[in-house]
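First comes the structure, then the notes that go with it.
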Amino acid sequence: MSAEGIRFSFVEKKPRYIQDRGFSYVIPAGGISLFSSWEIVLQILSGLGYFLLNPFMYLFVLFIYLHYRRQMNFERQLFSVRIHSPLLQTIRAVGMGLVGGLLVSVAAGGLGVMVQSRDLWMLWGLAIVLSLFRVRFLCLAYATGVLTLLHGVALLFPQAADVQGVGIVWSWLLEARPVPILAMVGLLHLAEAVLVRWNAGKDASPLFLEGKRGRIIGGYQLHSFWLTPLVVLVPTAAGQGVEGALFAGWPLFMPESHAFAFMLLPAVTGFSDVTTTTVPMKKAQQTAKQLAVYAIVLTAVAYGAVWVPALMILAAVVAIVGHEGLFWLSRWEERQKPPYFIQSDRGIKVMAVLPGTPAEEMGIQIGEVIVRVNGVPVRQREDLYPALHVNPAFCKMEVLTHAGEIKFVQCAVYAGNHHQLGIIVVPDAQTQYFVDLRKASIVQLLKQRLEKLRIGA
């Protein structure tokens, strides 16, 4: 995958769920009571059952697992060790994603975000087309912005709906309701911000990259996916779905609609970024704040467009330019700061800590500097292991923390323990390899794959 700040959501649309595999019912106009009868509860459970039987949900889980397994193989190629467990990462992605999907569904339902099923199909088609130019354009923010702009053009030239060939698509654009989708994208990015902050860079992979003037430096690729199933409200004709309102003026994003049904959708939310200037946890915190601001602004402008239609174009610009701005802002911030994962004149800087090793047991953190081992000063990687053998039964270390303070750590060394300390150090003058992270589109990725197949790789 490209390291260009990918933030996107895959959504599998099944509009037929509203009729034959969803659940809908009619209630008194005075309000909504989901648990007013046992029959309603059974309908909800039936809808959830069909959702669990949806094969796309399990395909998405498999996709997430294969992504993390590929990441593990990549780490082994670079460092000859496994840093992450694909199974544990997948379990965490599913668990955290379920919480995120629940939050988005509740927020969207509370605000009355209703999405037409045909709009979702057009949105997915636009996302695929845009991804042919850049992988990060697969994010729904770009496709939603383009759909909104196309809808605006269609409103200016409605007569094009009578043109043979393009007339059908033009009529779809005329009938599109992009404002609720813009709000949904805003809520999805708000949930993404929560997930990025919650994950705190746990899935980040260390890399050796080419820095300025050809110098090899260390960095981290933050690349996570979460299974985020959504419950989407879809407008229906009166008498064919739920009727009523949660409160006066609801639904906020489609005020004229008073009947709706539920659509249960499996979805995957993804995030990617690269940092060479700080530890993954701090980068995740910074990115989460920026995503949250973007999400809140987009949702607010989308709501304004409900009352002032001209703001719809502004919301489309915010969706596209704001999201693209997050990518360029991250790159600009990285260029303004010095590289963090480079050699220190104080000792050996830690690039990564392997799980289940003495280094993890002692509490050594990413980015800390090992100053002394068993009383022996260490300045480079070659000094480390002779110092460890000074005392083969016990290990004492002086470590410089991120705050510039010295902490003392120690652990006993038992027979059968990991034969090494369990750290990956930052690149030095002897490091001869690095990863080339270049911009890529879907077409370029497929081309690279075909070239590998031709040479038997």
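Identifiers for the structure tokens are assigned positionally: chains receive A, B, ... in sequence, residues are indexed from 1 per chain, and ligands are indexed from 1 in the order shown.
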
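Surrounding region 200-209 of chain A within 8 Å are Gln71, Glu75, Leu78, Ile83, His84, Gln89, Val196, Ile216, Ile217, Gly218, Gly219, Tyr220, Gln221, Leu222, His223, Ser224, Pro280, Met281, Lys282, Lys283, Ala284, Gln285, Met351, Ala352, Pro427, Tyr433, Phe434, Val435 and Asp436 of chain A, with only C-alpha atoms counted and residues fewer than 4 positions along the same chain left out.
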
Could you write out, as a list in words, all the residues of region 151-250 of chain A that DSSP marks as strand (DSSP E)? Ser205, Pro206, Leu207, Phe208, Leu209, Glu210, Ile216, Ile217, Gly218, Gly219, Tyr220, Gln221, Leu222, His223, Ser224, Phe225, Trp226, Leu227, Leu230, Val231, Val232, Leu233, Val234, Pro235, Val242 and Glu243 of chain A

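With only C-alpha atoms as the atoms that count, the minimum distance from Lys396 (chain A) to the choices A:Thr275, A:Thr228, A:Thr357, A:Gln410 is reached by A:Gln410.
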
From A:Leu123, A:Leu156, A:Val268, A:Cys395, residue lying nearest Thr144 (chain A) [only C-alpha atoms]: A:Leu123

Which residue is closest to Val104 (chain A)? Choose from A:Pro386, A:Pro377, A:Pro229, A:Pro309 and count only C-alpha atoms.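 Among the listed residues, the smallest separation from Val104 (chain A) belongs to A:Pro229.
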
Closest pair table for region 256-298 of chain A residues within 10 Å of region 137-142 of chain A, only C-alpha atoms, as a Markdown table:
```
| residue | atom | partner | partner_atom | distance |
| --- | --- | --- | --- | --- |
| A:Thr269 | CA | A:Cys139 | CA | 9.1 |
| A:Gly270 | CA | A:Cys139 | CA | 8.7 |
| A:Phe271 | CA | A:Cys139 | CA | 9.6 |
| A:Leu298 | CA | A:Ala141 | CA | 9.8 |
```

Please write the residues from the selection above to a file, keeping N, CA and C atoms, as a CSV table (one decimal), in the first residue's frame.
```
chain,number,residue,atom,x,y,z
A,269,THR,N,-12.7,0.5,7.6
A,269,THR,CA,-12.1,1.8,7.6
A,269,THR,C,-10.6,1.7,7.7
A,270,GLY,N,-9.9,2.4,6.9
A,270,GLY,CA,-8.4,2.3,6.9
A,270,GLY,C,-7.7,3.6,7.1
A,271,PHE,N,-6.5,3.5,7.6
A,271,PHE,CA,-5.7,4.7,7.8
A,271,PHE,C,-4.2,4.4,7.6
A,298,LEU,N,-16.5,19.3,8.5
A,298,LEU,CA,-17.3,18.7,7.4
A,298,LEU,C,-18.7,18.5,7.8
```

Taking 4 positions as the minimum chain separation for residues in the same chain, which residues sit within 8 Å of Val353 (chain A) when counting only C-alpha atoms? Answer as a list in words.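 The neighbour list is Ile83, Ala359, Glu360, Ile364, Gln365, Ile366, Gly422, Ile423 and Ile424 of chain A.
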
Which residue out of A:Met263, A:Val390, A:Val301, A:Val350 has the minimum interatomic distance to Gly109 (chain A) when only C-alpha atoms are used?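 Nearest to Gly109 (chain A): A:Met263.
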
Can you pull out every residue within 9 Å of Glu334 (chain A), counting only C-alpha atoms, but drop anything in the same chain fewer than 3 positions away, and send it as a PDB file with N, CA and C atoms, in the first residue's frame?
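So the final result, stored in around_0.pdb, reads:
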```pdb
ATOM      1  N   VAL A 274       3.103   7.995   7.564  1.00  0.00           N
ATOM      2  CA  VAL A 274       4.514   7.684   7.804  1.00  0.00           C
ATOM      3  C   VAL A 274       5.121   8.793   8.644  1.00  0.00           C
ATOM      4  N   THR A 275       5.944   8.409   9.597  1.00  0.00           N
ATOM      5  CA  THR A 275       6.655   9.402  10.388  1.00  0.00           C
ATOM      6  C   THR A 275       8.124   9.020  10.530  1.00  0.00           C
ATOM      7  N   THR A 276       8.977  10.024  10.426  1.00  0.00           N
ATOM      8  CA  THR A 276      10.407   9.846  10.693  1.00  0.00           C
ATOM      9  C   THR A 276      10.868  10.808  11.784  1.00  0.00           C
ATOM     10  N   THR A 277       9.937  11.576  12.350  1.00  0.00           N
ATOM     11  CA  THR A 277      10.308  12.646  13.275  1.00  0.00           C
ATOM     12  C   THR A 277       9.839  12.427  14.710  1.00  0.00           C
ATOM     13  N   LEU A 329      -0.358  18.436   4.925  1.00  0.00           N
ATOM     14  CA  LEU A 329       0.051  18.978   6.220  1.00  0.00           C
ATOM     15  C   LEU A 329       0.978  18.009   6.943  1.00  0.00           C
ATOM     16  N   SER A 330       0.650  16.716   6.886  1.00  0.00           N
ATOM     17  CA  SER A 330       1.505  15.708   7.518  1.00  0.00           C
ATOM     18  C   SER A 330       2.898  15.704   6.890  1.00  0.00           C
ATOM     19  N   ARG A 331       2.936  15.768   5.563  1.00  0.00           N
ATOM     20  CA  ARG A 331       4.232  15.780   4.879  1.00  0.00           C
ATOM     21  C   ARG A 331       5.012  17.040   5.224  1.00  0.00           C
ATOM     22  N   LYS A 337      10.747  19.099  10.711  1.00  0.00           N
ATOM     23  CA  LYS A 337      11.403  18.595  11.911  1.00  0.00           C
ATOM     24  C   LYS A 337      12.585  17.698  11.537  1.00  0.00           C
ATOM     25  N   PRO A 338      13.587  17.629  12.388  1.00  0.00           N
ATOM     26  CA  PRO A 338      14.730  16.754  12.116  1.00  0.00           C
ATOM     27  C   PRO A 338      14.342  15.289  12.292  1.00  0.00           C
ATOM     28  N   PRO A 339      15.024  14.383  11.606  1.00  0.00           N
ATOM     29  CA  PRO A 339      14.728  12.949  11.785  1.00  0.00           C
ATOM     30  C   PRO A 339      14.996  12.518  13.222  1.00  0.00           C
TER      31      PRO A 339
END
```

Members of region 92-263 of chain A assigned alpha helix (DSSP H) by DSSP, as JSON, numbers by chain: {"A": [92, 93, 94, 95, 96, 97, 98, 99, 100, 101, 102, 103, 104, 105, 106, 107, 108, 109, 110, 111, 117, 118, 119, 120, 121, 122, 123, 124, 125, 126, 127, 128, 129, 130, 131, 140, 141, 142, 143, 144, 145, 146, 147, 148, 149, 150, 151, 152, 153, 154, 155, 156, 167, 168, 169, 170, 171, 172, 173, 174, 175, 178, 179, 180, 181, 182, 183, 184, 185, 186, 187, 188, 189, 190, 191, 192, 193, 194, 195, 196, 197, 198, 199]}

Could you save the residues just selected, with C-alpha atoms, as a compact mmCIF listing (two decimals), in the first residue's frame?
```txt
# COMPACT_ATOMS: atom_id res chain seq x y z
CA ARG A 92 -8.01 -6.04 17.75
CA ALA A 93 -9.14 -4.57 14.40
CA VAL A 94 -12.48 -6.38 14.59
CA GLY A 95 -13.11 -5.51 18.24
CA MET A 96 -12.20 -1.84 17.92
CA GLY A 97 -14.00 -1.55 14.59
CA LEU A 98 -17.25 -2.90 16.02
CA VAL A 99 -17.16 -0.14 18.62
CA GLY A 100 -16.43 2.46 15.94
CA GLY A 101 -19.21 1.20 13.69
CA LEU A 102 -21.65 1.29 16.60
CA LEU A 103 -20.70 4.89 17.42
CA VAL A 104 -21.17 6.01 13.80
CA SER A 105 -24.49 4.16 13.49
CA VAL A 106 -25.87 5.68 16.68
CA ALA A 107 -24.66 9.18 15.79
CA ALA A 108 -25.99 8.93 12.22
CA GLY A 109 -29.33 7.64 13.46
CA GLY A 110 -29.59 10.31 16.12
CA LEU A 111 -28.88 13.07 13.59
CA SER A 117 -29.04 3.24 -1.83
CA ARG A 118 -28.45 4.34 -5.44
CA ASP A 119 -26.21 7.14 -4.22
CA LEU A 120 -24.08 4.56 -2.43
CA TRP A 121 -23.61 2.62 -5.67
CA MET A 122 -22.53 5.79 -7.52
CA LEU A 123 -20.23 6.67 -4.64
CA TRP A 124 -18.48 3.31 -4.76
CA GLY A 125 -18.07 3.51 -8.55
CA LEU A 126 -16.50 6.98 -8.27
CA ALA A 127 -14.15 5.78 -5.53
CA ILE A 128 -12.89 2.95 -7.75
CA VAL A 129 -12.31 5.32 -10.67
CA LEU A 130 -10.45 7.83 -8.48
CA SER A 131 -8.24 5.09 -7.03
CA LEU A 140 -14.97 8.17 0.41
CA ALA A 141 -14.25 11.84 1.13
CA TYR A 142 -12.97 12.32 -2.42
CA ALA A 143 -15.76 10.35 -4.08
CA THR A 144 -18.43 12.15 -2.05
CA GLY A 145 -16.98 15.53 -2.95
CA VAL A 146 -16.93 14.64 -6.65
CA LEU A 147 -20.49 13.26 -6.48
CA THR A 148 -21.65 16.51 -4.88
CA LEU A 149 -19.98 18.63 -7.57
CA LEU A 150 -21.48 16.46 -10.31
CA HIS A 151 -24.89 16.84 -8.69
CA GLY A 152 -24.43 20.61 -8.76
CA VAL A 153 -23.54 20.51 -12.47
CA ALA A 154 -26.59 18.34 -13.17
CA LEU A 155 -28.81 20.90 -11.45
CA LEU A 156 -27.42 23.60 -13.76
CA GLY A 167 -29.59 10.58 -19.77
CA ILE A 168 -30.02 7.76 -17.25
CA VAL A 169 -26.82 8.58 -15.37
CA TRP A 170 -27.66 12.29 -15.56
CA SER A 171 -31.08 11.65 -14.01
CA TRP A 172 -29.39 9.70 -11.20
CA LEU A 173 -27.16 12.70 -10.55
CA LEU A 174 -30.18 15.01 -10.55
CA GLU A 175 -31.95 12.83 -7.98
CA PRO A 178 -25.17 14.11 -1.46
CA VAL A 179 -25.59 16.21 1.71
CA PRO A 180 -26.46 13.25 4.00
CA ILE A 181 -23.52 11.32 2.53
CA LEU A 182 -21.22 14.25 3.33
CA ALA A 183 -22.46 14.07 6.92
CA MET A 184 -21.90 10.30 6.97
CA VAL A 185 -18.32 10.79 5.72
CA GLY A 186 -17.77 13.35 8.47
CA LEU A 187 -19.01 10.92 11.11
CA LEU A 188 -16.85 8.11 9.68
CA HIS A 189 -13.76 10.30 9.93
CA LEU A 190 -14.67 11.26 13.47
CA ALA A 191 -14.85 7.55 14.33
CA GLU A 192 -11.55 7.06 12.50
CA ALA A 193 -9.99 9.76 14.68
CA VAL A 194 -11.18 7.91 17.78
CA LEU A 195 -9.80 4.60 16.47
CA VAL A 196 -6.45 6.12 15.52
CA ARG A 197 -6.13 7.68 18.97
CA TRP A 198 -7.26 4.48 20.66
CA ASN A 199 -4.90 2.29 18.65
```

By how many Å are CA of Glu324 (chain A) and CA of Ser272 (chain A) apart?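 About the pair CA of Glu324 (chain A) and CA of Ser272 (chain A): they are 13.3 Å apart.
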